[in-house]
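Shown next: run_26.cif, given as mmCIF, C-alpha atoms and all ligand atoms.
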```cif
data_final
#
loop_
_atom_site.label_atom_id
_atom_site.label_comp_id
_atom_site.auth_asym_id
_atom_site.auth_seq_id
_atom_site.Cartn_x
_atom_site.Cartn_y
_atom_site.Cartn_z
CA MET A 1484 98.70 -10.31 56.23
CA SER A 1485 97.75 -13.25 54.06
CA ASP A 1486 95.09 -15.37 55.81
CA VAL A 1487 91.44 -14.57 55.25
CA PRO A 1488 90.20 -13.83 58.77
CA ALA A 1489 86.99 -15.39 60.09
CA PHE A 1490 86.01 -12.10 61.72
CA VAL A 1491 86.95 -8.48 61.56
CA VAL A 1492 86.54 -6.69 64.88
CA PHE A 1493 85.67 -2.97 64.83
CA THR A 1494 86.03 -1.32 68.19
CA ASP A 1495 85.41 2.01 69.82
CA LEU A 1496 88.23 3.02 72.19
CA ASP A 1497 87.10 5.40 74.99
CA GLY A 1498 84.97 3.49 77.48
CA THR A 1499 85.15 0.37 75.30
CA LEU A 1500 88.63 -1.08 74.69
CA LEU A 1501 90.15 1.66 76.86
CA ASP A 1502 89.05 2.48 80.40
CA HIS A 1503 86.96 5.67 80.47
CA PHE A 1504 88.99 7.21 83.30
CA ASP A 1505 92.63 6.23 82.82
CA TYR A 1506 92.67 4.83 79.24
CA ASN A 1507 94.24 1.52 80.33
CA PHE A 1508 93.37 -1.74 78.52
CA GLU A 1509 95.07 -4.25 80.84
CA ALA A 1510 91.94 -6.41 81.20
CA ALA A 1511 91.58 -6.82 77.41
CA LYS A 1512 95.21 -7.84 76.75
CA PRO A 1513 94.81 -11.65 76.92
CA THR A 1514 91.79 -11.50 74.58
CA LEU A 1515 93.61 -9.15 72.18
CA LEU A 1516 96.48 -11.65 72.02
CA GLN A 1517 94.05 -14.48 71.37
CA LEU A 1518 92.59 -12.56 68.40
CA GLN A 1519 96.05 -11.76 67.10
CA HIS A 1520 96.97 -15.46 67.17
CA ALA A 1521 93.79 -16.26 65.24
CA SER A 1522 94.68 -13.57 62.62
CA ILE A 1523 91.53 -11.64 63.48
CA PRO A 1524 92.09 -7.93 62.80
CA VAL A 1525 91.08 -5.43 65.49
CA ILE A 1526 90.19 -2.11 63.85
CA PRO A 1527 89.82 0.94 66.11
CA ASN A 1528 86.76 2.98 65.10
CA THR A 1529 86.84 6.05 67.28
CA SER A 1530 86.38 9.80 67.67
CA LYS A 1531 90.15 10.07 68.10
CA THR A 1532 92.51 11.68 65.56
CA PHE A 1533 95.03 10.27 63.11
CA ALA A 1534 97.82 11.75 65.30
CA GLU A 1535 96.46 9.96 68.38
CA LEU A 1536 95.79 6.69 66.59
CA LYS A 1537 99.35 6.45 65.28
CA VAL A 1538 100.51 6.43 68.92
CA ILE A 1539 97.69 4.33 70.43
CA THR A 1540 97.83 1.52 67.83
CA GLU A 1541 101.51 1.18 68.57
CA GLN A 1542 100.87 1.07 72.33
CA ILE A 1543 98.20 -1.59 71.87
CA GLY A 1544 100.41 -3.47 69.40
CA LEU A 1545 98.00 -3.22 66.45
CA ASN A 1546 99.27 -3.10 62.89
CA THR A 1547 95.79 -2.85 61.41
CA PRO A 1548 93.79 -0.17 59.61
CA PHE A 1549 91.88 2.29 61.80
CA ILE A 1550 88.96 4.67 61.46
CA VAL A 1551 89.31 8.20 62.84
CA GLU A 1552 87.01 10.99 63.98
CA ASN A 1553 83.72 9.12 64.07
CA GLY A 1554 83.98 7.64 60.60
CA ALA A 1555 85.50 10.69 58.85
CA ALA A 1556 88.36 8.70 57.33
CA VAL A 1557 89.91 5.25 57.13
CA TYR A 1558 93.69 4.85 57.38
CA ILE A 1559 95.28 1.63 56.10
CA PRO A 1560 98.97 0.76 56.61
CA ARG A 1561 100.51 0.81 53.13
CA ASP A 1562 101.65 -2.80 53.15
CA TYR A 1563 98.46 -4.18 54.73
CA PHE A 1564 96.51 -5.28 51.67
CA PRO A 1565 97.86 -7.06 48.57
CA GLN A 1566 96.48 -4.28 46.29
CA VAL A 1567 96.30 -0.51 46.66
CA PRO A 1568 92.81 0.13 48.14
CA GLN A 1569 90.28 1.95 45.96
CA GLY A 1570 89.98 5.75 46.01
CA CYS A 1571 92.75 6.35 48.57
CA VAL A 1572 95.45 8.99 48.84
CA GLN A 1573 98.80 8.37 50.46
CA ILE A 1574 99.43 10.07 53.82
CA ASP A 1575 102.69 9.20 55.53
CA GLU A 1576 102.95 5.41 55.62
CA PHE A 1577 99.18 4.97 55.15
CA TRP A 1578 96.50 4.88 52.49
CA CYS A 1579 93.70 7.27 53.46
CA LYS A 1580 90.09 7.28 52.34
CA SER A 1581 88.09 10.27 53.61
CA PHE A 1582 84.32 10.66 53.57
CA THR A 1583 83.57 14.19 54.74
CA ILE A 1584 84.37 17.94 54.91
CA ALA A 1585 87.51 19.30 56.56
CA ARG A 1586 87.69 20.97 59.98
CA ASP A 1587 88.41 24.47 58.61
CA GLU A 1588 84.98 24.54 57.02
CA ILE A 1589 83.36 23.58 60.35
CA LEU A 1590 85.26 26.32 62.19
CA ASP A 1591 83.96 28.79 59.58
CA PHE A 1592 80.37 27.74 60.43
CA LEU A 1593 81.04 28.13 64.16
CA ASN A 1594 82.59 31.60 63.67
CA GLN A 1595 79.32 32.76 62.11
CA LEU A 1596 76.99 31.47 64.86
CA PRO A 1597 74.11 33.64 66.11
CA SER A 1598 75.12 35.40 69.36
CA SER A 1599 72.48 33.44 71.33
CA LEU A 1600 74.63 30.33 70.90
CA CYS A 1601 78.11 31.75 71.42
CA ASP A 1602 78.21 31.04 75.17
CA ALA A 1603 76.67 27.55 74.88
CA PHE A 1604 79.94 25.73 74.44
CA ILE A 1605 83.71 26.01 74.25
CA GLY A 1606 85.54 24.29 71.39
CA PHE A 1607 88.98 22.66 71.32
CA SER A 1608 90.14 25.38 68.92
CA GLN A 1609 89.41 27.96 71.67
CA MET A 1610 91.25 26.00 74.38
CA SER A 1611 94.96 25.94 75.19
CA SER A 1612 96.62 22.52 75.28
CA ASP A 1613 96.70 22.94 79.10
CA GLN A 1614 92.91 23.33 79.12
CA ILE A 1615 92.44 20.37 76.78
CA ALA A 1616 94.69 18.32 79.05
CA LEU A 1617 92.53 19.28 82.04
CA GLU A 1618 89.21 18.53 80.28
CA THR A 1619 90.31 15.20 78.81
CA GLY A 1620 92.43 13.98 81.71
CA LEU A 1621 95.25 13.51 79.20
CA SER A 1622 98.88 14.50 79.58
CA LYS A 1623 99.81 17.75 77.83
CA GLN A 1624 101.53 15.81 75.05
CA ASP A 1625 98.54 13.53 74.50
CA ALA A 1626 96.22 16.56 74.64
CA LEU A 1627 98.22 18.09 71.81
CA LEU A 1628 97.64 14.97 69.70
CA ALA A 1629 93.93 15.00 70.59
CA SER A 1630 93.62 18.59 69.40
CA LYS A 1631 94.96 17.77 65.94
CA LYS A 1632 91.55 17.21 64.42
CA GLN A 1633 91.33 16.99 60.64
CA PHE A 1634 87.57 16.55 60.26
CA SER A 1635 85.80 17.69 63.42
CA GLU A 1636 85.65 20.14 66.30
CA PRO A 1637 85.02 18.72 69.77
CA ILE A 1638 83.13 21.06 72.08
CA LYS A 1639 82.45 21.07 75.79
CA TRP A 1640 78.76 21.74 76.22
CA LEU A 1641 77.86 24.57 78.65
CA GLY A 1642 74.40 25.51 77.43
CA ASN A 1643 70.83 24.33 77.89
CA GLU A 1644 68.59 21.92 76.02
CA ARG A 1645 67.02 24.68 73.87
CA GLN A 1646 70.42 25.93 72.72
CA LYS A 1647 71.39 22.35 71.93
CA GLN A 1648 68.41 22.03 69.61
CA GLN A 1649 69.13 25.44 68.01
CA LEU A 1650 72.73 24.48 67.33
CA ALA A 1651 71.68 21.13 65.89
CA ILE A 1652 69.34 22.91 63.43
CA TYR A 1653 71.99 25.55 62.54
CA LEU A 1654 74.51 22.80 61.77
CA SER A 1655 72.14 20.59 59.87
CA ASP A 1656 71.22 23.55 57.59
CA ARG A 1657 74.91 23.61 56.66
CA GLY A 1658 75.35 19.88 56.09
CA ALA A 1659 77.07 19.38 59.44
CA ASN A 1660 75.93 17.69 62.65
CA MET A 1661 76.69 17.15 66.31
CA LEU A 1662 77.30 13.79 67.97
CA GLU A 1663 77.43 13.17 71.70
CA GLY A 1664 80.52 11.18 72.68
CA GLY A 1665 81.81 10.07 76.06
CA ARG A 1666 83.16 13.45 77.20
CA PHE A 1667 82.47 15.92 74.43
CA PHE A 1668 80.12 16.72 71.61
CA HIS A 1669 81.75 16.34 68.21
CA ILE A 1670 80.80 18.69 65.39
CA SER A 1671 81.58 17.43 61.92
CA GLY A 1672 80.28 17.03 58.41
CA GLN A 1673 78.27 13.92 57.75
CA THR A 1674 80.28 11.13 59.33
CA ASN A 1675 79.12 7.69 60.22
CA LYS A 1676 81.16 5.04 62.00
CA GLY A 1677 78.96 2.43 60.33
CA HIS A 1678 79.50 3.74 56.81
CA ALA A 1679 83.31 3.84 57.20
CA MET A 1680 83.19 0.35 58.70
CA GLN A 1681 81.17 -0.96 55.74
CA TRP A 1682 83.57 0.64 53.25
CA LEU A 1683 86.54 -1.04 54.93
CA THR A 1684 84.75 -4.38 55.27
CA ASN A 1685 83.99 -4.26 51.55
CA GLU A 1686 87.66 -3.51 50.89
CA PHE A 1687 88.66 -6.58 52.96
CA ARG A 1688 86.25 -8.68 50.87
CA LEU A 1689 87.55 -7.27 47.57
CA GLN A 1690 91.17 -7.73 48.60
CA PHE A 1691 90.63 -11.35 49.70
CA GLY A 1692 87.94 -12.23 47.15
CA VAL A 1693 85.45 -13.53 49.71
CA GLU A 1694 81.68 -13.38 49.97
CA HIS A 1695 79.70 -12.26 52.96
CA SER A 1696 78.98 -15.57 54.60
CA ILE A 1697 80.10 -17.38 57.69
CA LYS A 1698 81.80 -20.01 55.52
CA GLY A 1699 83.69 -17.46 53.45
CA GLY A 1700 84.83 -15.63 56.57
CA LEU A 1701 84.83 -11.94 57.26
CA MET A 1702 81.89 -11.56 59.56
CA THR A 1703 81.98 -8.22 61.34
CA ILE A 1704 81.87 -7.64 65.09
CA ALA A 1705 81.43 -4.11 66.45
CA LEU A 1706 81.94 -3.02 70.05
CA GLY A 1707 80.96 0.35 71.52
CA ASP A 1708 79.58 2.01 74.63
CA SER A 1709 78.09 5.30 73.50
CA TYR A 1710 75.63 7.06 71.19
CA ASN A 1711 78.27 7.72 68.52
CA ASP A 1712 78.66 3.94 68.20
CA ILE A 1713 75.03 3.27 67.23
CA ASP A 1714 75.64 3.40 63.45
CA MET A 1715 78.38 0.76 63.53
CA LEU A 1716 76.55 -1.40 66.08
CA GLU A 1717 73.48 -1.47 63.81
CA VAL A 1718 75.36 -2.60 60.69
CA ALA A 1719 77.74 -5.18 62.22
CA ASP A 1720 76.97 -8.90 61.97
CA VAL A 1721 77.39 -9.11 65.75
CA ALA A 1722 77.06 -6.06 68.01
CA VAL A 1723 78.49 -5.73 71.51
CA GLN A 1724 77.29 -2.88 73.69
CA ILE A 1725 79.73 -2.20 76.48
CA ARG A 1726 78.13 -1.12 79.74
CA SER A 1727 78.74 2.55 80.50
CA HIS A 1728 79.00 4.20 83.91
CA LYS A 1729 77.38 7.28 82.37
CA HIS A 1730 74.16 6.11 80.78
CA ALA A 1731 72.01 3.10 79.98
CA TYR A 1732 72.83 1.12 76.81
CA PRO A 1733 71.94 3.43 73.90
CA ARG A 1734 68.80 2.08 72.25
CA LEU A 1735 69.34 0.02 69.08
CA LYS A 1736 66.82 -1.08 66.47
CA ARG A 1737 68.37 -4.54 66.27
CA THR A 1738 67.68 -7.24 68.80
CA GLU A 1739 69.39 -10.19 67.05
CA SER A 1740 73.10 -11.01 67.51
CA LEU A 1741 73.36 -8.36 70.20
CA ILE A 1742 75.40 -8.74 73.38
CA GLN A 1743 75.19 -6.26 76.26
CA THR A 1744 78.08 -6.69 78.65
CA SER A 1745 77.71 -6.60 82.41
CA GLN A 1746 81.19 -5.14 82.86
CA MET A 1747 82.53 -1.76 81.69
CA GLY A 1748 85.49 -0.70 79.51
CA PRO A 1749 88.22 -3.27 78.76
CA GLU A 1750 86.67 -5.82 81.15
CA GLY A 1751 83.42 -5.58 79.20
CA TRP A 1752 85.35 -5.74 75.91
CA ALA A 1753 86.97 -9.04 76.90
CA GLU A 1754 83.62 -10.33 78.21
CA GLY A 1755 81.88 -9.59 74.87
CA ILE A 1756 84.60 -11.06 72.63
CA ASN A 1757 84.93 -14.17 74.78
CA GLN A 1758 81.19 -14.74 74.64
CA ILE A 1759 81.34 -14.60 70.81
CA ILE A 1760 84.34 -16.95 70.68
CA LYS A 1761 82.47 -19.41 72.90
CA GLU A 1762 79.36 -19.26 70.69
CA PHE A 1763 81.41 -19.65 67.53
CA HIS A 1764 83.13 -22.81 68.81
CA LYS A 1765 79.86 -24.49 69.86
MG MG B 1 83.21 5.36 73.74
#
```

Can you turn what I pasted into structure tokens?
Amino acid sequence: MSDVPAFVVFTDLDGTLLDHFDYNFEAAKPTLLQLQHASIPVIPNTSKTFAELKVITEQIGLNTPFIVENGAAVYIPRDYFPQVPQGCVQIDEFWCKSFTIARDEILDFLNQLPSSLCDAFIGFSQMSSDQIALETGLSKQDALLASKKQFSEPIKWLGNERQKQQLAIYLSDRGANMLEGGRFFHISGQTNKGHAMQWLTNEFRLQFGVEHSIKGGLMTIALGDSYNDIDMLEVADVAVQIRSHKHAYPRLKRTESLIQTSQMGPEGWAEGINQIIKEFHK
């Protein structure tokens, strides 16, 4: 890419760009095309894995960087930026910048849990790919990709509120934490969708030599539906909360430059982006 984009769009996938139930994004396609024509990058920022993202970005037709596992790492296609991005290692055809501890360390913590917490959840590492397929509603092949976590362990919660608090304390004592996503809780080291987004935004600015101003381009838009999106929604220049069928809009500190969509999933995604485009052209 060569043009300095006016905006960079960071988007959650499940329940945001993709439908919560069947993962389709039909309703967002015309808007995605519009952004592509305007050279506005769409950067997935999701709890999904590198293995999943490689497939999904191709299905969506994105050739952009993406952020995996709730901000654990940023992957950038090797030919995307003019310069090699700072502090990255090469993985396949990508540059990778990671921000947190690996999954093996998390599984070690979980193997040493007090017995009072052992029946409170079941983790992906304890499930067969058939079980993961059933729980996620994915095909067996997609479930296999979803299970290839590098930085986190998704768990299905079975316990009570007290156990949830106990587990949160146990994890936080070990520098790890638990985030509630659309379907699962995700246990990881310190990850933050907002922090990874800011790192990548800064990289865009360095690569294109632009300042953070509307005239210089590179304003950030973030879209998300759930609690694990709060960090990126708080730090974006414009935040779009997609309506969820599961819960009310998660509470944000910000009130400025905040859009809450009336529609859900990809319909809401298109609604939010189109509202911003309309405002921008006023
Ligand atoms: Mg979501």

Point-to-point distance in Å for atom CA of Asp1714 of chain A and atom CA of Leu1735 of chain A: 9.1 Å

With ligand MG 1 (chain B) as the partner and 6 Å as the cut-off, tabulate the residues of chain A that qualify, each row holding the nearest pair of atoms and their distance in Å to one decimal, using all atoms listed in the file, sorted by chain and rising number, as a tab-separated table.
```
residue	atom	partner	partner_atom	distance
A:Asp1495	CA	B:MG1	MG	5.6
A:Leu1496	CA	B:MG1	MG	5.8
A:Asp1497	CA	B:MG1	MG	4.1
A:Gly1498	CA	B:MG1	MG	4.5
A:Thr1499	CA	B:MG1	MG	5.6
A:Gly1665	CA	B:MG1	MG	5.4
A:Gly1707	CA	B:MG1	MG	5.9
A:Asp1708	CA	B:MG1	MG	5.0
A:Ser1709	CA	B:MG1	MG	5.1
```

Go ahead and write the residues just picked, C-alpha atoms, as a PDB file, in the coordinates of the input.
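Output contents, as saved in out-v7.pdb:
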```pdb
ATOM      1  CA  ASP A1495      85.410   2.010  69.820  1.00  0.00           C
ATOM      2  CA  LEU A1496      88.230   3.020  72.190  1.00  0.00           C
ATOM      3  CA  ASP A1497      87.100   5.400  74.990  1.00  0.00           C
ATOM      4  CA  GLY A1498      84.970   3.490  77.480  1.00  0.00           C
ATOM      5  CA  THR A1499      85.150   0.370  75.300  1.00  0.00           C
ATOM      6  CA  GLY A1665      81.810  10.070  76.060  1.00  0.00           C
ATOM      7  CA  GLY A1707      80.960   0.350  71.520  1.00  0.00           C
ATOM      8  CA  ASP A1708      79.580   2.010  74.630  1.00  0.00           C
ATOM      9  CA  SER A1709      78.090   5.300  73.500  1.00  0.00           C
TER      10      SER A1709
END
```

With 6 Å on each side, where is the centre of the axis-aligned box around all listed atoms of segment 1720-1737 of chain A, and how long are its edges in Å to one decimal, as JSON?
```
{"center_x": 73.3, "center_y": -0.9, "center_z": 72.9, "size_x": 24.9, "size_y": 28.4, "size_z": 33.9}
```

Leaving out Glu1552 of chain A and any residue of its chain fewer than 5 positions from it, which residues lie within 6 Å of it when counting only C-alpha atoms, given as a PDB file with C-alpha atoms, in the coordinates of the input?
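Resulting contents of result.pdb:
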```pdb
ATOM      1  CA  THR A1529      86.840   6.050  67.280  1.00  0.00           C
ATOM      2  CA  SER A1530      86.380   9.800  67.670  1.00  0.00           C
ATOM      3  CA  LYS A1531      90.150  10.070  68.100  1.00  0.00           C
ATOM      4  CA  THR A1532      92.510  11.680  65.560  1.00  0.00           C
TER       5      THR A1532
END
```

Env of segment 1604-1610 of chain A: 10 Å cut, atoms = all atoms listed in the file, seq-sep filter 2 positions within chain, self excluded. Answer as a PDB file with C-alpha atoms, in the coordinates of the input.
```
ATOM      1  CA  LEU A1590      85.260  26.320  62.190  1.00  0.00           C
ATOM      2  CA  LEU A1593      81.040  28.130  64.160  1.00  0.00           C
ATOM      3  CA  LEU A1600      74.630  30.330  70.900  1.00  0.00           C
ATOM      4  CA  CYS A1601      78.110  31.750  71.420  1.00  0.00           C
ATOM      5  CA  ASP A1602      78.210  31.040  75.170  1.00  0.00           C
ATOM      6  CA  SER A1612      96.620  22.520  75.280  1.00  0.00           C
ATOM      7  CA  ASP A1613      96.700  22.940  79.100  1.00  0.00           C
ATOM      8  CA  GLN A1614      92.910  23.330  79.120  1.00  0.00           C
ATOM      9  CA  ILE A1615      92.440  20.370  76.780  1.00  0.00           C
ATOM     10  CA  ALA A1616      94.690  18.320  79.050  1.00  0.00           C
ATOM     11  CA  GLU A1618      89.210  18.530  80.280  1.00  0.00           C
ATOM     12  CA  ALA A1629      93.930  15.000  70.590  1.00  0.00           C
ATOM     13  CA  SER A1630      93.620  18.590  69.400  1.00  0.00           C
ATOM     14  CA  LYS A1631      94.960  17.770  65.940  1.00  0.00           C
ATOM     15  CA  LYS A1632      91.550  17.210  64.420  1.00  0.00           C
ATOM     16  CA  SER A1635      85.800  17.690  63.420  1.00  0.00           C
ATOM     17  CA  GLU A1636      85.650  20.140  66.300  1.00  0.00           C
ATOM     18  CA  PRO A1637      85.020  18.720  69.770  1.00  0.00           C
ATOM     19  CA  ILE A1638      83.130  21.060  72.080  1.00  0.00           C
ATOM     20  CA  LYS A1639      82.450  21.070  75.790  1.00  0.00           C
ATOM     21  CA  TRP A1640      78.760  21.740  76.220  1.00  0.00           C
ATOM     22  CA  LEU A1641      77.860  24.570  78.650  1.00  0.00           C
ATOM     23  CA  GLY A1642      74.400  25.510  77.430  1.00  0.00           C
ATOM     24  CA  ASN A1643      70.830  24.330  77.890  1.00  0.00           C
ATOM     25  CA  GLN A1646      70.420  25.930  72.720  1.00  0.00           C
ATOM     26  CA  LYS A1647      71.390  22.350  71.930  1.00  0.00           C
ATOM     27  CA  PHE A1667      82.470  15.920  74.430  1.00  0.00           C
ATOM     28  CA  PHE A1668      80.120  16.720  71.610  1.00  0.00           C
ATOM     29  CA  HIS A1669      81.750  16.340  68.210  1.00  0.00           C
ATOM     30  CA  ILE A1670      80.800  18.690  65.390  1.00  0.00           C
TER      31      ILE A1670
END
```

Non-local contacts of Ile1756 of chain A (10 Å; all atoms listed in the file; under 4 positions in same chain excluded) as number ranges by chain: A: 1492, 1511, 1514-1515, 1518, 1704-1706, 1723, 1742, 1744, 1751-1752, 1760-1762

Put those residues in a file: C-alpha atoms, as an mmCIF file, in the frame of the given file.
```
data_model
loop_
_atom_site.group_PDB
_atom_site.id
_atom_site.type_symbol
_atom_site.label_atom_id
_atom_site.label_comp_id
_atom_site.auth_asym_id
_atom_site.auth_seq_id
_atom_site.Cartn_x
_atom_site.Cartn_y
_atom_site.Cartn_z
ATOM 1 C CA VAL A 1492 86.540 -6.690 64.880
ATOM 2 C CA ALA A 1511 91.580 -6.820 77.410
ATOM 3 C CA THR A 1514 91.790 -11.500 74.580
ATOM 4 C CA LEU A 1515 93.610 -9.150 72.180
ATOM 5 C CA LEU A 1518 92.590 -12.560 68.400
ATOM 6 C CA ILE A 1704 81.870 -7.640 65.090
ATOM 7 C CA ALA A 1705 81.430 -4.110 66.450
ATOM 8 C CA LEU A 1706 81.940 -3.020 70.050
ATOM 9 C CA VAL A 1723 78.490 -5.730 71.510
ATOM 10 C CA ILE A 1742 75.400 -8.740 73.380
ATOM 11 C CA THR A 1744 78.080 -6.690 78.650
ATOM 12 C CA GLY A 1751 83.420 -5.580 79.200
ATOM 13 C CA TRP A 1752 85.350 -5.740 75.910
ATOM 14 C CA ILE A 1760 84.340 -16.950 70.680
ATOM 15 C CA LYS A 1761 82.470 -19.410 72.900
ATOM 16 C CA GLU A 1762 79.360 -19.260 70.690
#
```

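Shortest separation to Asn1546 of chain A among A:Ile1559, A:Val1693, A:Ala1534, A:Leu1716 occurs at residue A:Ile1559, atoms counted being all atoms listed in the file.
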
Selected residue, from A:Glu1644, A:Glu1588, A:Glu1576, A:Asp1505, that lies nearest to Ala1603 of chain A when counting all atoms listed in the file: A:Glu1644

Residue neighbourhood Lys1580 of chain A, 8 Å, only C-alpha atoms, exclusion window fewer than 6 positions, as a ChimeraX atom specification: /A:1556-1558,1570-1572
